[in-house]
Amino acid sequence: MKLLTRLIAVFTIAVATTAGAQSFETQARAAYVYDITTGVTLLEKNADVPLPPASMSKLMTLYMTFEAIADGRLQPEDELLVSQHAMNYEGSSMFLRSGERVKVEDLIRGVIVLSGNDASAVLAEALSPDGTEAGFARMMTERAKQLGMNNSAFANSNGWPDPIQRMSVHDLGILATRIIEDFPTFYPIFAEESFEFDGRVPSNSQNRNPILGLGLGADGLKTGHTAEAGYGLVGSARQGDRRVVFVIAGLDTAAARAEEGERILNWAFRHFAEKQIVEAGTRIASADVWMGEAGSVGLTVAEDLNMLVPIMNQGTVDAEVVYDAPIQAPVTQGQQLGELVIKLDENLPDVRVPLIADANVATGGFGVRLKTAVNVLLDKVAEEPATDDMAESNT
C-alpha cells in the first residue's frame, strides 16, 4: 500500500517588500479590510465575532432584492404595498404611509441613501414566503449561510435591535464583495449622495456614508448605528485598478467612524503595492510520482500570481509548497496537486494558491511496476531488524 506523506518545502521568493509591515491600529471594536483585486486580506480584528450590525444588515435585504430582480421575481417598476407594520418602524425612515404603493426602485434608494427601516420592511414582506418580515428574516439567515456568512443571523430586515440579529465584520465584507461583483448595474446607487423621495422631509434626504465625496474613490456601501452596536460602516473605494472593501464596527461617535474610514482607505492604498510573485508556468518545485512513466512532475501556478505586498523595504516573501507525496500516476497537466502557502508578513494572513502539474505523467508499464515493487521490497527488508540467527552468525 502506498504511504502518503505531507511534504512541505520551504523557500523564499525575491520581491520588493518589507521585513515587517506596521500593523494598522484601529479604534473600532472589530474591523476587516479586504483587497478585492488581489484577494488579499489586509486587516482582521475580531473579524469573526458576531456583533449587532444595526443598519449595515440592510445590505442583506438589498442583496436578496437584487437577486429577486435578476431572476424576474421582482421588477424595478413594480409598486409594493406599504403595510402598517412597515410604517410603524421608527428611526431612519422614508416616512412611508400605510396603504400607499411605492416603486421598488424608490424603495431601493430609500434603503441605500436614506437607510429607511420602513422601506426595508416593505421589500421584505414582498419577498417573504409567508408575507411577513419574520419569514423573510429566516430566508436571510439561510441565504447568508449559502454565501459563506457563517456568523450571521437575522430577526428582521433592517437591523432593528434584537438579540438574534448578529453579523460579523468578515461576513459583512463577504456580502459587500458579492454585491459589488454580482450586481454591477445596481452598485452605482450606493454612491448617490441624496434622494428626495416625493418631497418628504427634505432634511432626511442625504446619504449618511461619510467617505463619499472625499476624493478617495469611495463609492459605497452602508452605515449603521444603534446604542448597542455603536457606529459602524461598510465601505468600498476604487483607485486605479485596485478596489478595497472594509468594515468597521463599535465606534463611539459618528466623527470617529468618519475618521477611521478615511484612515483605513489611506493606509490600504498607500502602504501596499501590487507585485508579481510568480509567473505562470514557472516550475516552483517537483513532486515524486508513484508508478508513473516519469519519476516526478513539476508544480506551477495556473496564472501569473500578483499580490499586494507592503512597500517599505526590499526583501523576500517566505513561502511553502505543500502536497501529499508521492503523487499517484496518472497525472494530467493542469491537475491540482498541492498548495503554495505564502507568508507575506507576520501581521497579514497567509495566502494559499493552488499548485498544478506542469506536464502529463502516464501510468508506467510492466517494467516500471516491477522496478517499483522491487524497490518497495528492498526498502521493507532494510527496515526489518536482524534476527537472533543473523546476529549469531556475525559474532
# chains A, B, ... in the order shown; residues from 1 in each chain; ligands from 1
>>> residues_around(residues="Gly173 in chain A", least_positions_apart="2", cutoff="9 Å", atoms="only C-alpha atoms", output="number ranges by chain")
A: 32-34, 168-171, 175-178, 234-235, 245-247
>>> write_last_selection(atoms="N, CA, C and O atoms", output="CSV table (one decimal), in the first residue's frame")
chain,number,residue,atom,x,y,z
A,32,TYR,N,-12.3,44.7,9.4
A,32,TYR,CA,-12.0,43.8,8.3
A,32,TYR,C,-11.7,44.6,7.1
A,32,TYR,O,-12.5,45.5,6.7
A,33,VAL,N,-10.5,44.4,6.5
A,33,VAL,CA,-10.1,45.1,5.3
A,33,VAL,C,-9.7,44.1,4.2
A,33,VAL,O,-8.8,43.3,4.5
A,34,TYR,N,-10.3,44.2,3.0
A,34,TYR,CA,-10.0,43.2,2.0
A,34,TYR,C,-9.8,43.9,0.7
A,34,TYR,O,-10.6,44.7,0.3
A,168,SER,N,-20.9,39.2,11.7
A,168,SER,CA,-19.5,39.5,11.9
A,168,SER,C,-19.1,40.5,10.8
A,168,SER,O,-19.7,40.6,9.8
A,169,VAL,N,-18.0,41.3,11.1
A,169,VAL,CA,-17.5,42.2,10.1
A,169,VAL,C,-16.9,41.4,8.9
A,169,VAL,O,-17.0,41.9,7.8
A,170,HIS,N,-16.4,40.2,9.1
A,170,HIS,CA,-16.0,39.4,8.0
A,170,HIS,C,-17.2,39.1,7.1
A,170,HIS,O,-17.1,39.1,5.8
A,171,ASP,N,-18.3,38.7,7.7
A,171,ASP,CA,-19.5,38.4,6.9
A,171,ASP,C,-20.0,39.6,6.1
A,171,ASP,O,-20.4,39.5,4.9
A,175,LEU,N,-20.4,40.0,2.1
A,175,LEU,CA,-21.6,40.5,1.5
A,175,LEU,C,-21.4,41.7,0.6
A,175,LEU,O,-21.9,41.8,-0.5
A,176,ALA,N,-20.6,42.6,1.1
A,176,ALA,CA,-20.2,43.8,0.3
A,176,ALA,C,-19.5,43.4,-1.0
A,176,ALA,O,-19.9,43.9,-2.1
A,177,THR,N,-18.6,42.5,-0.9
A,177,THR,CA,-17.9,42.0,-2.1
A,177,THR,C,-18.9,41.4,-3.1
A,177,THR,O,-18.8,41.6,-4.3
A,178,ARG,N,-19.8,40.6,-2.6
A,178,ARG,CA,-20.8,39.9,-3.5
A,178,ARG,C,-21.7,40.9,-4.2
A,178,ARG,O,-22.0,40.8,-5.4
A,234,VAL,N,-19.7,49.9,6.5
A,234,VAL,CA,-19.2,49.1,5.4
A,234,VAL,C,-18.9,50.0,4.2
A,234,VAL,O,-19.8,50.6,3.7
A,235,GLY,N,-17.6,50.0,3.9
A,235,GLY,CA,-17.2,51.0,2.8
A,235,GLY,C,-16.4,50.3,1.7
A,235,GLY,O,-15.9,49.2,1.9
A,245,VAL,N,-12.5,46.8,0.1
A,245,VAL,CA,-13.7,46.8,0.9
A,245,VAL,C,-13.3,46.8,2.3
A,245,VAL,O,-12.3,46.0,2.7
A,246,PHE,N,-13.9,47.5,3.2
A,246,PHE,CA,-13.6,47.5,4.6
A,246,PHE,C,-14.9,47.6,5.4
A,246,PHE,O,-15.9,48.1,5.0
A,247,VAL,N,-14.8,47.0,6.7
A,247,VAL,CA,-15.9,47.1,7.6
A,247,VAL,C,-15.3,47.4,9.0
A,247,VAL,O,-14.3,46.9,9.4
>>> residues_around(residues="Leu96 in chain A", least_positions_apart="5", cutoff="10 Å", atoms="only C-alpha atoms", output="ChimeraX atom specification")
/A:82-84,86-89,101-102,107,116-119,122,197,200
>>> write_last_selection(atoms="N, CA and C atoms", output="PDB file, in the first residue's frame")
ATOM      1  N   VAL A  82     -47.431  49.289   1.163  1.00  0.00           N
ATOM      2  CA  VAL A  82     -46.844  49.595   2.468  1.00  0.00           C
ATOM      3  C   VAL A  82     -47.798  49.119   3.552  1.00  0.00           C
ATOM      4  N   SER A  83     -47.319  48.250   4.418  1.00  0.00           N
ATOM      5  CA  SER A  83     -48.152  47.724   5.499  1.00  0.00           C
ATOM      6  C   SER A  83     -48.083  48.631   6.730  1.00  0.00           C
ATOM      7  N   GLN A  84     -49.009  48.403   7.640  1.00  0.00           N
ATOM      8  CA  GLN A  84     -48.975  49.130   8.908  1.00  0.00           C
ATOM      9  C   GLN A  84     -47.707  48.763   9.680  1.00  0.00           C
ATOM     10  N   ALA A  86     -44.776  47.987   8.474  1.00  0.00           N
ATOM     11  CA  ALA A  86     -43.637  48.725   7.925  1.00  0.00           C
ATOM     12  C   ALA A  86     -43.686  50.191   8.342  1.00  0.00           C
ATOM     13  N   MET A  87     -44.866  50.792   8.296  1.00  0.00           N
ATOM     14  CA  MET A  87     -44.998  52.207   8.649  1.00  0.00           C
ATOM     15  C   MET A  87     -44.669  52.459  10.108  1.00  0.00           C
ATOM     16  N   ASN A  88     -44.899  51.474  10.960  1.00  0.00           N
ATOM     17  CA  ASN A  88     -44.707  51.671  12.399  1.00  0.00           C
ATOM     18  C   ASN A  88     -43.242  51.774  12.807  1.00  0.00           C
ATOM     19  N   TYR A  89     -42.324  51.389  11.936  1.00  0.00           N
ATOM     20  CA  TYR A  89     -40.916  51.469  12.296  1.00  0.00           C
ATOM     21  C   TYR A  89     -40.508  52.908  12.559  1.00  0.00           C
ATOM     22  N   ARG A 101     -48.653  52.712  -2.280  1.00  0.00           N
ATOM     23  CA  ARG A 101     -47.807  51.822  -3.068  1.00  0.00           C
ATOM     24  C   ARG A 101     -46.592  52.596  -3.552  1.00  0.00           C
ATOM     25  N   VAL A 102     -45.422  51.938  -3.448  1.00  0.00           N
ATOM     26  CA  VAL A 102     -44.155  52.598  -3.772  1.00  0.00           C
ATOM     27  C   VAL A 102     -43.366  51.705  -4.711  1.00  0.00           C
ATOM     28  N   LEU A 107     -37.865  52.263  -3.347  1.00  0.00           N
ATOM     29  CA  LEU A 107     -37.588  51.605  -2.072  1.00  0.00           C
ATOM     30  C   LEU A 107     -36.107  51.263  -1.945  1.00  0.00           C
ATOM     31  N   GLY A 116     -33.826  53.671   5.148  1.00  0.00           N
ATOM     32  CA  GLY A 116     -35.203  53.564   5.622  1.00  0.00           C
ATOM     33  C   GLY A 116     -35.536  52.204   6.218  1.00  0.00           C
ATOM     34  N   ASN A 117     -35.846  52.197   7.505  1.00  0.00           N
ATOM     35  CA  ASN A 117     -36.299  50.955   8.148  1.00  0.00           C
ATOM     36  C   ASN A 117     -37.622  50.492   7.547  1.00  0.00           C
ATOM     37  N   ASP A 118     -38.497  51.476   7.229  1.00  0.00           N
ATOM     38  CA  ASP A 118     -39.788  51.140   6.646  1.00  0.00           C
ATOM     39  C   ASP A 118     -39.619  50.572   5.238  1.00  0.00           C
ATOM     40  N   ALA A 119     -38.724  51.137   4.451  1.00  0.00           N
ATOM     41  CA  ALA A 119     -38.502  50.652   3.087  1.00  0.00           C
ATOM     42  C   ALA A 119     -37.986  49.218   3.096  1.00  0.00           C
ATOM     43  N   VAL A 122     -40.887  46.842   3.742  1.00  0.00           N
ATOM     44  CA  VAL A 122     -41.773  46.674   2.586  1.00  0.00           C
ATOM     45  C   VAL A 122     -41.188  45.663   1.612  1.00  0.00           C
ATOM     46  N   PHE A 197     -37.329  61.713  -1.851  1.00  0.00           N
ATOM     47  CA  PHE A 197     -38.489  60.912  -2.205  1.00  0.00           C
ATOM     48  C   PHE A 197     -39.775  61.708  -2.029  1.00  0.00           C
ATOM     49  N   ARG A 200     -40.701  64.455   0.595  1.00  0.00           N
ATOM     50  CA  ARG A 200     -40.988  64.269   2.028  1.00  0.00           C
ATOM     51  C   ARG A 200     -39.737  64.539   2.865  1.00  0.00           C
TER      52      ARG A 200
END
>>> closest_residue(among="A:Asn306, A:Gln276, A:Leu212, A:Pro52", to="Arg238 in chain A", atoms="only C-alpha atoms")
A:Leu212
>>> select_by_dssp(residues="range 111-162 of chain A", states="helix (DSSP H, G or I)", output="compact mmCIF listing (two decimals) with N, CA and C atoms, in the first residue's frame")
# COMPACT_ATOMS: atom_id res chain seq x y z
N VAL A 111 -33.64 52.59 0.96
CA VAL A 111 -32.80 51.80 1.87
C VAL A 111 -31.36 52.25 1.81
N ILE A 112 -30.81 52.45 0.59
CA ILE A 112 -29.39 52.76 0.43
C ILE A 112 -29.07 54.18 0.90
N ASN A 117 -35.85 52.20 7.51
CA ASN A 117 -36.30 50.96 8.15
C ASN A 117 -37.62 50.49 7.55
N ASP A 118 -38.50 51.48 7.23
CA ASP A 118 -39.79 51.14 6.65
C ASP A 118 -39.62 50.57 5.24
N ALA A 119 -38.72 51.14 4.45
CA ALA A 119 -38.50 50.65 3.09
C ALA A 119 -37.99 49.22 3.10
N SER A 120 -37.09 48.90 4.03
CA SER A 120 -36.58 47.54 4.15
C SER A 120 -37.70 46.56 4.45
N ALA A 121 -38.59 46.95 5.34
CA ALA A 121 -39.69 46.07 5.72
C ALA A 121 -40.65 45.83 4.57
N VAL A 122 -40.89 46.84 3.74
CA VAL A 122 -41.77 46.67 2.59
C VAL A 122 -41.19 45.66 1.61
N LEU A 123 -39.91 45.79 1.31
CA LEU A 123 -39.24 44.83 0.42
C LEU A 123 -39.27 43.43 1.02
N ALA A 124 -39.03 43.34 2.33
CA ALA A 124 -39.00 42.05 3.00
C ALA A 124 -40.35 41.35 2.91
N GLU A 125 -41.43 42.08 3.20
CA GLU A 125 -42.76 41.48 3.17
C GLU A 125 -43.13 41.02 1.75
N ALA A 126 -42.68 41.75 0.73
CA ALA A 126 -42.99 41.38 -0.65
C ALA A 126 -42.29 40.10 -1.07
N LEU A 127 -41.10 39.86 -0.52
CA LEU A 127 -40.30 38.70 -0.91
C LEU A 127 -40.43 37.53 0.05
N GLU A 133 -42.28 39.98 7.68
CA GLU A 133 -40.86 40.32 7.77
C GLU A 133 -40.09 39.21 8.49
N ALA A 134 -40.72 38.58 9.47
CA ALA A 134 -40.06 37.49 10.19
C ALA A 134 -39.75 36.33 9.25
N GLY A 135 -40.67 36.03 8.34
CA GLY A 135 -40.43 34.97 7.36
C GLY A 135 -39.27 35.31 6.45
N PHE A 136 -39.17 36.57 6.05
CA PHE A 136 -38.05 37.00 5.22
C PHE A 136 -36.74 36.92 6.00
N ALA A 137 -36.77 37.24 7.28
CA ALA A 137 -35.56 37.17 8.11
C ALA A 137 -35.01 35.74 8.16
N ARG A 138 -35.91 34.77 8.21
CA ARG A 138 -35.46 33.37 8.18
C ARG A 138 -34.80 33.06 6.84
N MET A 139 -35.35 33.59 5.76
CA MET A 139 -34.72 33.44 4.45
C MET A 139 -33.34 34.10 4.42
N MET A 140 -33.22 35.25 5.06
CA MET A 140 -31.93 35.96 5.11
C MET A 140 -30.86 35.10 5.78
N THR A 141 -31.24 34.48 6.89
CA THR A 141 -30.28 33.66 7.62
C THR A 141 -29.84 32.47 6.78
N GLU A 142 -30.78 31.83 6.11
CA GLU A 142 -30.46 30.67 5.28
C GLU A 142 -29.58 31.08 4.10
N ARG A 143 -29.93 32.19 3.44
CA ARG A 143 -29.15 32.63 2.27
C ARG A 143 -27.75 33.06 2.70
N ALA A 144 -27.63 33.67 3.86
CA ALA A 144 -26.32 34.07 4.35
C ALA A 144 -25.39 32.87 4.50
N LYS A 145 -25.91 31.79 5.04
CA LYS A 145 -25.10 30.57 5.18
C LYS A 145 -24.65 30.07 3.81
N GLN A 146 -25.53 30.13 2.82
CA GLN A 146 -25.18 29.69 1.48
C GLN A 146 -24.07 30.53 0.87
>>> closest_residue(among="A:Phe190, A:Glu181, A:Gln328, A:Val321", to="Met291 in chain A", atoms="only C-alpha atoms")
A:Gln328
>>> atom_distance(atom1="CA of Asn156 in chain A", atom2="CA of Ser128 in chain A")
11.3 Å
>>> residues_around(residues="range 220-232 of chain A", least_positions_apart="6", cutoff="8 Å", atoms="only C-alpha atoms", output="ChimeraX atom specification")
/A:51-56,59,112,161,176,187,190-191,208-209,212,247-254,257
>>> write_last_selection(atoms="N, CA and C atoms", output="short mmCIF file (atom, residue, chain, number, x, y, z; two decimals), in the first residue's frame")
data_model
loop_
_atom_site.label_atom_id
_atom_site.label_comp_id
_atom_site.auth_asym_id
_atom_site.auth_seq_id
_atom_site.Cartn_x
_atom_site.Cartn_y
_atom_site.Cartn_z
N LEU A 51 -21.69 40.36 15.97
CA LEU A 51 -21.98 41.61 16.66
C LEU A 51 -23.32 42.17 16.16
N PRO A 52 -23.96 43.04 16.94
CA PRO A 52 -25.17 43.69 16.41
C PRO A 52 -24.79 44.59 15.24
N PRO A 53 -25.37 44.37 14.06
CA PRO A 53 -24.93 45.10 12.87
C PRO A 53 -25.66 46.40 12.59
N ALA A 54 -26.74 46.65 13.33
CA ALA A 54 -27.56 47.84 13.08
C ALA A 54 -27.94 47.88 11.60
N SER A 55 -27.97 49.07 10.99
CA SER A 55 -28.46 49.20 9.62
C SER A 55 -27.55 48.59 8.57
N MET A 56 -26.34 48.18 8.96
CA MET A 56 -25.48 47.52 7.98
C MET A 56 -26.09 46.20 7.52
N LEU A 59 -27.85 45.54 4.03
CA LEU A 59 -27.16 45.06 2.84
C LEU A 59 -27.65 43.67 2.44
N ILE A 112 -30.81 52.45 0.59
CA ILE A 112 -29.39 52.76 0.43
C ILE A 112 -29.07 54.18 0.90
N PRO A 161 -32.81 46.69 16.72
CA PRO A 161 -32.20 45.92 17.80
C PRO A 161 -33.00 44.69 18.18
N ALA A 176 -20.56 42.61 1.07
CA ALA A 176 -20.24 43.80 0.27
C ALA A 176 -19.55 43.40 -1.03
N TYR A 187 -24.90 48.60 -8.21
CA TYR A 187 -23.93 49.14 -7.26
C TYR A 187 -23.76 50.66 -7.33
N PHE A 190 -25.19 53.10 -4.65
CA PHE A 190 -24.58 53.32 -3.34
C PHE A 190 -23.75 54.60 -3.29
N ALA A 191 -23.38 55.14 -4.45
CA ALA A 191 -22.59 56.38 -4.48
C ALA A 191 -23.46 57.63 -4.54
N ARG A 208 -25.83 58.94 4.45
CA ARG A 208 -25.07 59.06 5.69
C ARG A 208 -23.63 58.58 5.57
N ASN A 209 -23.26 58.02 4.43
CA ASN A 209 -21.90 57.48 4.26
C ASN A 209 -20.89 58.62 4.29
N LEU A 212 -18.00 59.26 1.17
CA LEU A 212 -18.34 59.68 -0.18
C LEU A 212 -17.90 61.13 -0.38
N VAL A 247 -14.77 47.02 6.65
CA VAL A 247 -15.89 47.07 7.60
C VAL A 247 -15.32 47.44 8.96
N ILE A 248 -15.93 48.43 9.59
CA ILE A 248 -15.57 48.79 10.96
C ILE A 248 -16.85 48.83 11.79
N ALA A 249 -16.74 48.44 13.06
CA ALA A 249 -17.92 48.38 13.93
C ALA A 249 -17.54 48.74 15.35
N GLY A 250 -18.52 49.27 16.08
CA GLY A 250 -18.34 49.51 17.50
C GLY A 250 -17.62 50.80 17.85
N LEU A 251 -17.65 51.80 16.98
CA LEU A 251 -17.03 53.08 17.29
C LEU A 251 -17.98 53.94 18.13
N ASP A 252 -17.40 54.90 18.86
CA ASP A 252 -18.19 55.64 19.85
C ASP A 252 -19.00 56.79 19.27
N THR A 253 -18.51 57.38 18.17
CA THR A 253 -19.18 58.55 17.61
C THR A 253 -19.20 58.49 16.10
N ALA A 254 -20.07 59.28 15.50
CA ALA A 254 -20.10 59.38 14.05
C ALA A 254 -18.81 59.99 13.52
N ARG A 257 -16.19 57.33 13.38
CA ARG A 257 -16.45 56.45 12.23
C ARG A 257 -15.92 57.08 10.95
#
>>> decode(residues="range 132-155 of chain A", atoms="N, CA, C and O atoms", output="PDB file, in the first residue's frame")
ATOM      1  N   THR A 132     -44.538  37.922   5.745  1.00  0.00           N
ATOM      2  CA  THR A 132     -44.135  38.637   6.962  1.00  0.00           C
ATOM      3  C   THR A 132     -42.644  38.947   6.931  1.00  0.00           C
ATOM      4  O   THR A 132     -41.859  38.254   6.277  1.00  0.00           O
ATOM      5  N   GLU A 133     -42.276  39.975   7.677  1.00  0.00           N
ATOM      6  CA  GLU A 133     -40.861  40.317   7.770  1.00  0.00           C
ATOM      7  C   GLU A 133     -40.092  39.210   8.486  1.00  0.00           C
ATOM      8  O   GLU A 133     -38.950  38.914   8.126  1.00  0.00           O
ATOM      9  N   ALA A 134     -40.720  38.582   9.469  1.00  0.00           N
ATOM     10  CA  ALA A 134     -40.057  37.485  10.185  1.00  0.00           C
ATOM     11  C   ALA A 134     -39.754  36.326   9.246  1.00  0.00           C
ATOM     12  O   ALA A 134     -38.681  35.702   9.327  1.00  0.00           O
ATOM     13  N   GLY A 135     -40.672  36.033   8.338  1.00  0.00           N
ATOM     14  CA  GLY A 135     -40.430  34.972   7.363  1.00  0.00           C
ATOM     15  C   GLY A 135     -39.271  35.311   6.450  1.00  0.00           C
ATOM     16  O   GLY A 135     -38.459  34.443   6.095  1.00  0.00           O
ATOM     17  N   PHE A 136     -39.169  36.571   6.052  1.00  0.00           N
ATOM     18  CA  PHE A 136     -38.050  36.998   5.222  1.00  0.00           C
ATOM     19  C   PHE A 136     -36.738  36.921   5.999  1.00  0.00           C
ATOM     20  O   PHE A 136     -35.699  36.555   5.438  1.00  0.00           O
ATOM     21  N   ALA A 137     -36.766  37.236   7.282  1.00  0.00           N
ATOM     22  CA  ALA A 137     -35.560  37.166   8.109  1.00  0.00           C
ATOM     23  C   ALA A 137     -35.014  35.740   8.161  1.00  0.00           C
ATOM     24  O   ALA A 137     -33.796  35.527   8.152  1.00  0.00           O
ATOM     25  N   ARG A 138     -35.907  34.766   8.210  1.00  0.00           N
ATOM     26  CA  ARG A 138     -35.456  33.373   8.178  1.00  0.00           C
ATOM     27  C   ARG A 138     -34.795  33.056   6.837  1.00  0.00           C
ATOM     28  O   ARG A 138     -33.793  32.335   6.785  1.00  0.00           O
ATOM     29  N   MET A 139     -35.351  33.590   5.760  1.00  0.00           N
ATOM     30  CA  MET A 139     -34.718  33.440   4.448  1.00  0.00           C
ATOM     31  C   MET A 139     -33.338  34.097   4.423  1.00  0.00           C
ATOM     32  O   MET A 139     -32.396  33.564   3.828  1.00  0.00           O
ATOM     33  N   MET A 140     -33.220  35.252   5.056  1.00  0.00           N
ATOM     34  CA  MET A 140     -31.934  35.961   5.108  1.00  0.00           C
ATOM     35  C   MET A 140     -30.864  35.099   5.777  1.00  0.00           C
ATOM     36  O   MET A 140     -29.735  34.990   5.281  1.00  0.00           O
ATOM     37  N   THR A 141     -31.239  34.485   6.886  1.00  0.00           N
ATOM     38  CA  THR A 141     -30.281  33.661   7.618  1.00  0.00           C
ATOM     39  C   THR A 141     -29.839  32.468   6.777  1.00  0.00           C
ATOM     40  O   THR A 141     -28.643  32.145   6.716  1.00  0.00           O
ATOM     41  N   GLU A 142     -30.783  31.828   6.112  1.00  0.00           N
ATOM     42  CA  GLU A 142     -30.460  30.672   5.276  1.00  0.00           C
ATOM     43  C   GLU A 142     -29.584  31.078   4.097  1.00  0.00           C
ATOM     44  O   GLU A 142     -28.594  30.404   3.775  1.00  0.00           O
ATOM     45  N   ARG A 143     -29.931  32.191   3.443  1.00  0.00           N
ATOM     46  CA  ARG A 143     -29.148  32.633   2.272  1.00  0.00           C
ATOM     47  C   ARG A 143     -27.751  33.057   2.702  1.00  0.00           C
ATOM     48  O   ARG A 143     -26.774  32.827   1.951  1.00  0.00           O
ATOM     49  N   ALA A 144     -27.633  33.666   3.858  1.00  0.00           N
ATOM     50  CA  ALA A 144     -26.316  34.074   4.350  1.00  0.00           C
ATOM     51  C   ALA A 144     -25.392  32.873   4.495  1.00  0.00           C
ATOM     52  O   ALA A 144     -24.218  32.917   4.102  1.00  0.00           O
ATOM     53  N   LYS A 145     -25.908  31.787   5.043  1.00  0.00           N
ATOM     54  CA  LYS A 145     -25.105  30.570   5.183  1.00  0.00           C
ATOM     55  C   LYS A 145     -24.647  30.066   3.815  1.00  0.00           C
ATOM     56  O   LYS A 145     -23.510  29.619   3.649  1.00  0.00           O
ATOM     57  N   GLN A 146     -25.527  30.133   2.824  1.00  0.00           N
ATOM     58  CA  GLN A 146     -25.178  29.685   1.480  1.00  0.00           C
ATOM     59  C   GLN A 146     -24.069  30.528   0.872  1.00  0.00           C
ATOM     60  O   GLN A 146     -23.289  30.056   0.044  1.00  0.00           O
ATOM     61  N   LEU A 147     -23.978  31.784   1.284  1.00  0.00           N
ATOM     62  CA  LEU A 147     -22.948  32.688   0.775  1.00  0.00           C
ATOM     63  C   LEU A 147     -21.650  32.587   1.564  1.00  0.00           C
ATOM     64  O   LEU A 147     -20.695  33.309   1.283  1.00  0.00           O
ATOM     65  N   GLY A 148     -21.603  31.686   2.550  1.00  0.00           N
ATOM     66  CA  GLY A 148     -20.401  31.532   3.361  1.00  0.00           C
ATOM     67  C   GLY A 148     -20.338  32.467   4.543  1.00  0.00           C
ATOM     68  O   GLY A 148     -19.288  32.604   5.176  1.00  0.00           O
ATOM     69  N   MET A 149     -21.458  33.092   4.874  1.00  0.00           N
ATOM     70  CA  MET A 149     -21.527  34.004   6.021  1.00  0.00           C
ATOM     71  C   MET A 149     -21.982  33.190   7.231  1.00  0.00           C
ATOM     72  O   MET A 149     -23.165  33.116   7.549  1.00  0.00           O
ATOM     73  N   ASN A 150     -21.023  32.620   7.923  1.00  0.00           N
ATOM     74  CA  ASN A 150     -21.321  31.644   8.959  1.00  0.00           C
ATOM     75  C   ASN A 150     -21.551  32.248  10.338  1.00  0.00           C
ATOM     76  O   ASN A 150     -21.846  31.522  11.289  1.00  0.00           O
ATOM     77  N   ASN A 151     -21.401  33.553  10.458  1.00  0.00           N
ATOM     78  CA  ASN A 151     -21.597  34.212  11.751  1.00  0.00           C
ATOM     79  C   ASN A 151     -22.676  35.287  11.650  1.00  0.00           C
ATOM     80  O   ASN A 151     -22.537  36.374  12.206  1.00  0.00           O
ATOM     81  N   SER A 152     -23.739  34.964  10.913  1.00  0.00           N
ATOM     82  CA  SER A 152     -24.841  35.909  10.717  1.00  0.00           C
ATOM     83  C   SER A 152     -26.173  35.235  11.014  1.00  0.00           C
ATOM     84  O   SER A 152     -26.392  34.080  10.651  1.00  0.00           O
ATOM     85  N   ALA A 153     -27.050  35.961  11.674  1.00  0.00           N
ATOM     86  CA  ALA A 153     -28.420  35.516  11.926  1.00  0.00           C
ATOM     87  C   ALA A 153     -29.303  36.751  11.960  1.00  0.00           C
ATOM     88  O   ALA A 153     -28.879  37.821  12.425  1.00  0.00           O
ATOM     89  N   PHE A 154     -30.548  36.603  11.476  1.00  0.00           N
ATOM     90  CA  PHE A 154     -31.412  37.763  11.310  1.00  0.00           C
ATOM     91  C   PHE A 154     -32.767  37.535  11.965  1.00  0.00           C
ATOM     92  O   PHE A 154     -33.330  36.442  11.891  1.00  0.00           O
ATOM     93  N   ALA A 155     -33.269  38.594  12.588  1.00  0.00           N
ATOM     94  CA  ALA A 155     -34.621  38.594  13.128  1.00  0.00           C
ATOM     95  C   ALA A 155     -35.504  39.582  12.377  1.00  0.00           C
ATOM     96  O   ALA A 155     -36.729  39.530  12.487  1.00  0.00           O
TER      97      ALA A 155
END
